[in-house]
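Chemist: Sharing a structure here in structure tokens format.
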Protein chains: 2
Amino acid sequence: MNTTITAEQLLQQLRWRYATKQFDPTRKVSETDWAALEEATLLAPSSFGLQPYQLLVVRDPALRKRLQLAAFNQAQIVDASHLVVFAAKSNLDEASIDTYLQRITQVRQVPAAKLAVFREMLINSVVKGMDDGARLAWARHQTYIALGILLSSAALRAIDACPMEGFDRGQFDEILGLPQKGLAATVLATVGYRSATDPYSLFPKVRFPKEQVWRCL
Amino acid sequence: MNTTITAEQLLQQLRWRYATKQFDPTRKVSETDWAALEEATLLAPSSFGLQPYQLLVVRDPALRKRLQLAAFNQAQIVDASHLVVFAAKSNLDEASIDTYLQRITQVRQVPAAKLAVFREMLINSVVKGMDDGARLAWARHQTYIALGILLSSAALRAIDACPMEGFDRGQFDEILGLPQKGLAATVLATVGYRSATDPYSLFPKVRFPKEQVWRCL
């Protein structure tokens with residue numbers, strides 16, 4: 001079956017999306033729809049395929065209330081159906097690489113010995129080739145690709161979302177106990193359905209003219 | 001017209017995509033298809049809507065050959081239909097903020113005076129609130145969201161792509177003269193059509209089990 005979509009479908013849905021400021025707190029994303037968004041985001045590419053992050057769905061209302069205070073009190077944190085914290089792995093080491101290689105041998109049914117050169121390359125690039133700061137920056141970059149996939153996937157399914165960087169990473173880390181888990185809060189997405197009264201849903205989308213962003217060399 | 005797509009369309013197309021290693025050098029993305037991908041990526045969200053990047057399409061074959069040498073000689077750089085360099089802005093200042101505010105007044109037909117509070121917030125957050133290194137890191141993050149949107153858009157349109165971080169940023173900057181333009185090469189995407197002989201197109205996709213990536217709190 002051909003599941004390719006048209007350019008019109010793609011562009012209409014991306015034009016429809018906007019950074020939702022007011023979610024309808026009574027509307028929840030269904031389990032089925034949410035499972036599809038999780039699956040779509042799981043399919044996001046990452047450097048070497050390492051997926052150096054966890055995607056944390058905060059369901060506990062009391063916890064979301066505490067996080068809201070660490071996010072300039074923005075309403076989306078508590079009103080959206082789902083709150084996702086993109087948390088980069090801060091503790092990638094040789095053992096993490098081996099866990100990944102085991103996953104490859106399992107999925108692709110290749111003997112571990114065949115991956116020896118790849119293992120060497122990963123360790124030299126990711127573990128030995130970067131200091132802790134550079135490695136975390138690299139891991140954080142990967143979370144933004146996943147964020148982009150989640151946002152476009154939601155838009156194509158007519159589900160609203162708001163990417164959010166306006167929060168205190170240190171406070172999020174502390175509230176969620178992330179350092180002990182080898183994680184570092186990086187960026188958020190709130191997902192749900194826009195409120196009928198969100199004035200931002202009516203504002204024309206502002207983008208620079210295409211020729212100022214896309215340039216030919 | 002309802003342009004929402006089904007979960008099956010979304011997931012099938014995202015499963016179909018892979019980091020293309022061998023492009024068919026004879027197949028080009030049509031002008032119409034490319035224009036849609038440019039438009040889709042232009043619609044990517046960014047922090048405060050500032051779009052702190054340019055997306056550089058390198059068409060000159062000689063230039064692509066030189067860039068290939070600065071990218072571990074990877075074939076995609078010259079074989080893909082399109083090479084995109086995501087270049088973060090390294091020179092964002094008060095004037096950049098004002099250019100953006102002018103764009104808002106133009107698109108939304110609001111008087112500049114109405115944006116005074118927003119202007120203050122942008123300058124405090126982006127210009128005064130970050131040193132040069134943090135501001136560039138923040139701008140680079142935004143390019144990865146745009147990359148995610150480009151990759152998912154291409155997949156949904158059955159166009160192949162490969163995100164690439166394996167290149168020498170410094171050499172790319174120098175070859176393309178980016179510092180003089182206030183830009184810094186951050187990440188690449190090659191876009192086109194897979195070669196029928198790319199063995200990677202047949203490998204099962206490796207991802208960690210969903211429950212290891214998505215966690216509930």
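Lettering and numbering for the structure tokens are positional, with chains as A, B, ... in the shown order, residues counted from 1 in each chain, and ligands counted from 1 in the shown order.
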Give me, as CSV, the closest atom pair and its distance (Å, one decimal) for every residue of chain B within a cut-off of 6 Å of chain A, counting only C-alpha atoms, rows sorted by chain and rising number.

Modeler:
residue,atom,partner,partner_atom,distance
B:Thr3,CA,A:Gln9,CA,4.8
B:Thr4,CA,A:Arg157,CA,5.4
B:Ile5,CA,A:Arg157,CA,5.7
B:Gln9,CA,A:Thr3,CA,4.8
B:Leu11,CA,A:Ala40,CA,5.9
B:Ala40,CA,A:Leu11,CA,5.9
B:Gln54,CA,A:Val213,CA,4.7
B:Leu55,CA,A:Trp214,CA,4.8
B:Leu56,CA,A:Arg215,CA,4.9
B:Val57,CA,A:Cys216,CA,4.8
B:Val58,CA,A:Leu217,CA,4.7
B:Arg59,CA,A:Leu217,CA,6.0
B:Tyr144,CA,A:Ile145,CA,5.2
B:Ile145,CA,A:Gly148,CA,4.5
B:Gly148,CA,A:Gly148,CA,4.4
B:Ile149,CA,A:Gly148,CA,5.3
B:Leu156,CA,A:Thr4,CA,5.5
B:Arg157,CA,A:Thr4,CA,5.4
B:Ala158,CA,A:Thr4,CA,5.9
B:Val213,CA,A:Gln54,CA,4.7
B:Trp214,CA,A:Leu55,CA,4.8
B:Arg215,CA,A:Leu56,CA,4.9
B:Cys216,CA,A:Val57,CA,4.8
B:Leu217,CA,A:Val58,CA,4.7

Chemist: One decimal, in Å: what's the spacing between CA of Ile77 (chain B) and CA of Leu188 (chain B)?

Modeler: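 These two atoms are separated by 9.2 Å.
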
Chemist: Apply DSSP to the structure's backbone, then extract all residues of chain B labelled alpha helix (DSSP H) and return them as a count of residues only.

Modeler: 94
